[in-house]
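I have placed the structure first, in the form of structure tokens, so that the comments after it can refer back to it.
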Amino acid sequence: MPIFNQSIRHKIVGIALGLIVLMLVTSILSMVMSSQVGVLLDELTNRYIPAYSHLARANIHSLERALALRRVVMTRMEAPSDEQAYAARLRDFEESDRKIEEDAEAARKLINMIIDDPRTYSDNAALGRIDIRIETAVTELRRDLSEDHAKLLKQADARQMTEARGTLEHIDVVRDQFNRKVDAIRADMLTQVFFSTTQVIGRQHQAIVVSGVVTLLAAIVGFVFALMVSSGITRPVRLLLAGTREVEAGRFDKTITVSTQDEIGELAAAFNRMTEQLRHNERIRETFGRYIDPKVVQGLIDRPEIAIDGERRVMTIMFCDMSGFTSMSEGMTPRGLVKVMNHYFTVMSAPVRNNRGIIDKYIGDAIMSYWGPPFIEDGEQALLAGIAAIEMADQVPALQRQLPDLLGIRAMPAPCDLRIGIATGEVLTGSIGSELMMSFTVMGDAVNLASRLEAVNKVYGTRILISQATAEAIGTRLELREIDRLAVAGQSAPQPIFEVMARAGGLTDAQASLRTHYAEALAAYRIRRFDAARAAFNAALEAVPGDGPSRTMLGRIAQLKASPPDEAWDGAWRLDSK
């Protein structure tokens, strides 16, 4: 009997020592791998992706600079010349010109930080070549354009239209060359981003495999313990086995109480460390899960062919942007700006989700979202988008009060407000991207129209503008007002645009009077009865002083009376001509 007990004791000690060694090695490996994953994630999110974003913004600023330069020339060649407007246009051009170099320099700085970091593996030779190409592209751009800019301004001062047009054409050629260079650099930079992403995924998969192996070994050892040990240690072993099963089921919140000081207690402590590491890995996966809406994930699981083949469907698209963001962000610290934007996105995303919308992406300070099948029925999508827009606009007063408190200041340096554009139409839904990285999104004319309607709010002084198709789908379920007819490039005919004023039955007497007078004014305006239109627009302003659309239309009438339209004039405002 003593021999039997001794033999069993030796077996228990041998198994326990083996298990402890296994757990210690695994814990160390898990911690090392988690640390490496953290370093790789930090480099990907804080260096690679921002560097690529700076290069993309350099492209955008290049186009903005070209547009600003044309405005400078047009302003100078107007008769009589408006010196104040010319100076403002020139400042806009100089600001766009400066931003190109700033973005290029920011991208180079991040690239050099990647090269100098010895903790992560990267293709330093390729990154070094990208750095040199960025510097060369900006230097060549500055060299090629300096003389042309000076010559163009002289031609504009002399009102030499033909010569200025030729110089502008040459500047466009240089700009296109620069953009092609930056596009090529971005493509190479994207390759490096994909390489870094592959490193992160590989390390993550490695950690998961190790955790799975440890789970299997722990289950086997637990079963052996249950057969070999006496009743005094049966309960701890059963607890260990139960915890292992929880891990196998994907639940990592199980903690085993360490009730003994022997080898079984050490095993329980090691198991707790393992589950803590697994919880850490799960939190990493949950963090990545924030980048795609859960409803989209479930939809793709239920119908994976949508992601592969794509579908054409009628959907309602919304773009929401914060006005005054640029001027507001200039005076903020990076930490303050992040705090403001996170709070803003949290507040403005809630109405979209509460009304069953899908948030597609955050673009700077803008939110792109959509409604449509298979997530929303066809008859409800436009109404839900309109209600979400009203609820977002209702949050503006509270947001304006909260932002100073978030920043610890008395008042914001610049007021903030919302601009929302909504359009309904046929779009393509599917996974768009490369073999390494894809995004489930929507594309089509309705997306472009919604984006343009958001921007057009600035022209009319409105918050929520919707397309004709959206207005027809909403019907009388919301209070709408026709604002104007809008001619957009790529469409055969102008289409009416509408403002969402309130929920059904939610208009005040002043708003109802405003809508009536505005409709009368708009009808007179379209048949060229400008005096009657002006009187009706003024009546609308008396009902609601400061109404943006009324003031905009009065300004347009003043321009038309000064320069009467030709017979082909249809009363529509052409977006791309302004």
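Chain labels run A, B, ... following the order of the structure tokens; each chain numbers its residues from 1, and ligands are numbered from 1 in the order shown.
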
Would you list the contacts of Ala104 (chain A) as JSON, numbers by chain, taking every protein, DNA or RNA residue within 7 Å and counting only C-alpha atoms, but skipping same-chain residues closer than 6 positions in sequence? {"A": [54, 55, 58, 134]}

For region 532-547 of chain A, work out the shell of residues within 7 Å, counting only C-alpha atoms and skipping chain neighbours fewer than 2 positions away, then give it as a short mmCIF file (atom, residue, chain, number, x, y, z; two decimals) with N, CA and C atoms, in the first residue's frame.
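The resulting file, part_14.cif, is shown below:
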```
data_model
loop_
_atom_site.label_atom_id
_atom_site.label_comp_id
_atom_site.auth_asym_id
_atom_site.auth_seq_id
_atom_site.Cartn_x
_atom_site.Cartn_y
_atom_site.Cartn_z
N ALA A 510 -44.88 80.06 -37.45
CA ALA A 510 -43.91 80.83 -38.23
C ALA A 510 -43.30 79.97 -39.33
N GLN A 511 -43.00 78.71 -39.01
CA GLN A 511 -42.41 77.82 -40.03
C GLN A 511 -43.42 77.51 -41.13
N SER A 513 -45.86 79.50 -42.11
CA SER A 513 -45.94 80.70 -42.93
C SER A 513 -44.71 80.83 -43.83
N LEU A 514 -43.55 80.50 -43.28
CA LEU A 514 -42.32 80.53 -44.07
C LEU A 514 -42.43 79.61 -45.27
N HIS A 517 -44.92 81.09 -47.98
CA HIS A 517 -44.36 82.23 -48.72
C HIS A 517 -43.21 81.79 -49.61
N TYR A 518 -42.42 80.88 -49.14
CA TYR A 518 -41.26 80.43 -49.92
C TYR A 518 -41.72 79.70 -51.19
N GLU A 520 -44.51 80.20 -52.79
CA GLU A 520 -45.01 81.22 -53.73
C GLU A 520 -43.84 81.94 -54.41
N ALA A 521 -42.82 82.26 -53.62
CA ALA A 521 -41.67 82.96 -54.18
C ALA A 521 -40.94 82.10 -55.20
N LEU A 522 -40.79 80.81 -54.89
CA LEU A 522 -40.08 79.92 -55.79
C LEU A 522 -40.82 79.76 -57.12
N ALA A 524 -42.83 82.02 -58.51
CA ALA A 524 -42.65 83.26 -59.27
C ALA A 524 -41.24 83.37 -59.82
N TYR A 525 -40.28 82.94 -59.07
CA TYR A 525 -38.88 83.00 -59.53
C TYR A 525 -38.67 82.17 -60.79
N ARG A 529 -40.78 86.08 -62.77
CA ARG A 529 -41.46 87.23 -62.14
C ARG A 529 -40.65 87.58 -60.89
N PHE A 530 -39.53 88.23 -61.14
CA PHE A 530 -38.56 88.44 -60.08
C PHE A 530 -39.04 89.42 -59.01
N PRO A 549 -32.23 79.92 -47.03
CA PRO A 549 -32.65 79.82 -48.43
C PRO A 549 -33.26 81.10 -48.97
N SER A 550 -34.05 81.78 -48.16
CA SER A 550 -34.67 83.03 -48.64
C SER A 550 -33.61 84.08 -48.94
N ARG A 551 -32.64 84.20 -48.06
CA ARG A 551 -31.57 85.18 -48.32
C ARG A 551 -30.74 84.80 -49.54
N LEU A 554 -32.78 85.69 -52.64
CA LEU A 554 -32.82 87.14 -52.87
C LEU A 554 -31.51 87.61 -53.49
#
```

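In terms of minimum interatomic distance to Leu127 (chain A), A:Met189 ranks closest within A:Met189, A:Leu465, A:Met274, A:Leu67, counting only C-alpha atoms.
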
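Considering the residues A:Val396, A:Val193, A:Ile358, A:Leu267 and counting only C-alpha atoms, Leu17 (chain A) has its shortest atom-to-atom contact with A:Leu267.
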
Determine which residues of region 434-482 of chain A receive a DSSP assignment of helix (DSSP H, G or I), computed from the backbone, and state them as a list of chain:residue names.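 Taking region 434-482 of chain A and keeping helix (DSSP H, G or I) only, one gets A:Asp445, A:Ala446, A:Val447, A:Asn448, A:Leu449, A:Ala450, A:Ser451, A:Arg452, A:Leu453, A:Glu454, A:Ala455, A:Val456, A:Asn457, A:Lys458, A:Val459, A:Tyr460, A:Gln468, A:Ala469, A:Thr470, A:Ala471, A:Glu472, A:Ala473, A:Ile474.
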
Which one is closest to Leu110 (chain A): A:Val338, A:Met368, A:Leu44, A:Leu190? Count only C-alpha atoms.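 Between A:Val338, A:Met368, A:Leu44, A:Leu190, the residue approaching Leu110 (chain A) most closely is A:Leu44.
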
If we count only C-alpha atoms and set the cut-off at 9 Å, which residues sit around Leu239 (chain A), ignoring sequence neighbours fewer than 5 positions away in its own chain? Please answer as a PDB file with N, CA, C and O atoms, in the first residue's frame.
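This went into out16.pdb:
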```pdb
ATOM      1  N   THR A 234      -9.806  16.096  -5.779  1.00  0.00           N
ATOM      2  CA  THR A 234     -10.729  15.912  -6.904  1.00  0.00           C
ATOM      3  C   THR A 234     -11.470  17.195  -7.248  1.00  0.00           C
ATOM      4  O   THR A 234     -11.643  17.551  -8.431  1.00  0.00           O
ATOM      5  N   THR A 244     -11.452  24.872 -18.147  1.00  0.00           N
ATOM      6  CA  THR A 244     -10.942  24.569 -19.479  1.00  0.00           C
ATOM      7  C   THR A 244     -12.072  24.487 -20.493  1.00  0.00           C
ATOM      8  O   THR A 244     -11.956  24.956 -21.627  1.00  0.00           O
ATOM      9  N   ILE A 256     -10.372  30.460 -11.605  1.00  0.00           N
ATOM     10  CA  ILE A 256     -10.360  29.327 -10.665  1.00  0.00           C
ATOM     11  C   ILE A 256      -9.800  29.812  -9.330  1.00  0.00           C
ATOM     12  O   ILE A 256      -8.752  30.478  -9.279  1.00  0.00           O
ATOM     13  N   THR A 257     -10.496  29.475  -8.267  1.00  0.00           N
ATOM     14  CA  THR A 257     -10.038  29.821  -6.919  1.00  0.00           C
ATOM     15  C   THR A 257      -8.881  28.911  -6.526  1.00  0.00           C
ATOM     16  O   THR A 257      -9.002  27.674  -6.554  1.00  0.00           O
ATOM     17  N   ALA A 268      -3.633  25.861 -11.055  1.00  0.00           N
ATOM     18  CA  ALA A 268      -4.793  26.758 -11.110  1.00  0.00           C
ATOM     19  C   ALA A 268      -4.354  28.202 -11.336  1.00  0.00           C
ATOM     20  O   ALA A 268      -4.964  28.952 -12.111  1.00  0.00           O
TER      21      ALA A 268
END
```

Which of region 422-575 of chain A fall in strand (DSSP E), as JSON, numbers by chain: {"A": [422, 423, 424, 425, 426, 427, 428, 429, 430, 431, 432, 433, 438, 439, 440, 441, 442, 443, 464, 465, 466, 478, 479, 480, 481, 482, 483, 484, 485, 486, 487, 495, 496, 497, 498, 499, 500, 501, 502, 503, 573, 574]}

Calculate how many Å separate CA of His61 (chain A) from CA of Asp92 (chain A), rounding to one decimal.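 Straight-line distance from CA of His61 (chain A) to CA of Asp92 (chain A) works out to 11.1 Å.
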
If I take CA of Ala469 (chain A) and CA of Ala502 (chain A), how far is one from the other in Å, to one decimal? 18.3 Å

Please identify all polymer residues within 12 Å of Asp97 (chain A), counting only C-alpha atoms, omitting same-chain residues fewer than 4 positions from it, and present them as a compact mmCIF listing (two decimals) with C-alpha atoms, in the first residue's frame.
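Written file, out-v1.txt:
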```txt
# COMPACT_ATOMS: atom_id res chain seq x y z
CA ALA A 58 -1.17 65.98 -50.53
CA ASN A 59 -3.08 64.86 -53.65
CA ILE A 60 -6.20 66.64 -52.44
CA HIS A 61 -4.35 69.84 -51.58
CA SER A 62 -2.73 69.78 -55.02
CA LEU A 63 -6.19 69.89 -56.61
CA GLU A 64 -7.37 72.53 -54.13
CA ARG A 65 -4.36 74.65 -54.99
CA ALA A 66 -5.13 74.44 -58.71
CA LEU A 67 -8.73 75.49 -58.03
CA ALA A 68 -7.59 78.33 -55.77
CA LEU A 69 -5.15 79.55 -58.45
CA LEU A 90 -4.49 84.67 -53.03
CA ARG A 91 -4.35 83.72 -49.35
CA ASP A 92 -6.42 80.62 -50.06
CA PHE A 93 -3.99 79.67 -52.81
CA GLU A 101 4.64 70.59 -48.28
CA GLU A 102 3.33 70.13 -44.73
CA ASP A 103 1.63 66.84 -45.60
CA ALA A 104 4.69 65.62 -47.50
CA VAL A 138 7.88 68.14 -53.78
CA LEU A 141 6.97 70.65 -58.02
CA ARG A 142 8.22 73.76 -56.24
CA LEU A 145 5.84 76.00 -60.49
CA SER A 146 7.62 78.94 -58.87
CA HIS A 149 3.02 81.17 -60.62
CA ARG A 175 0.32 69.33 -61.26
```
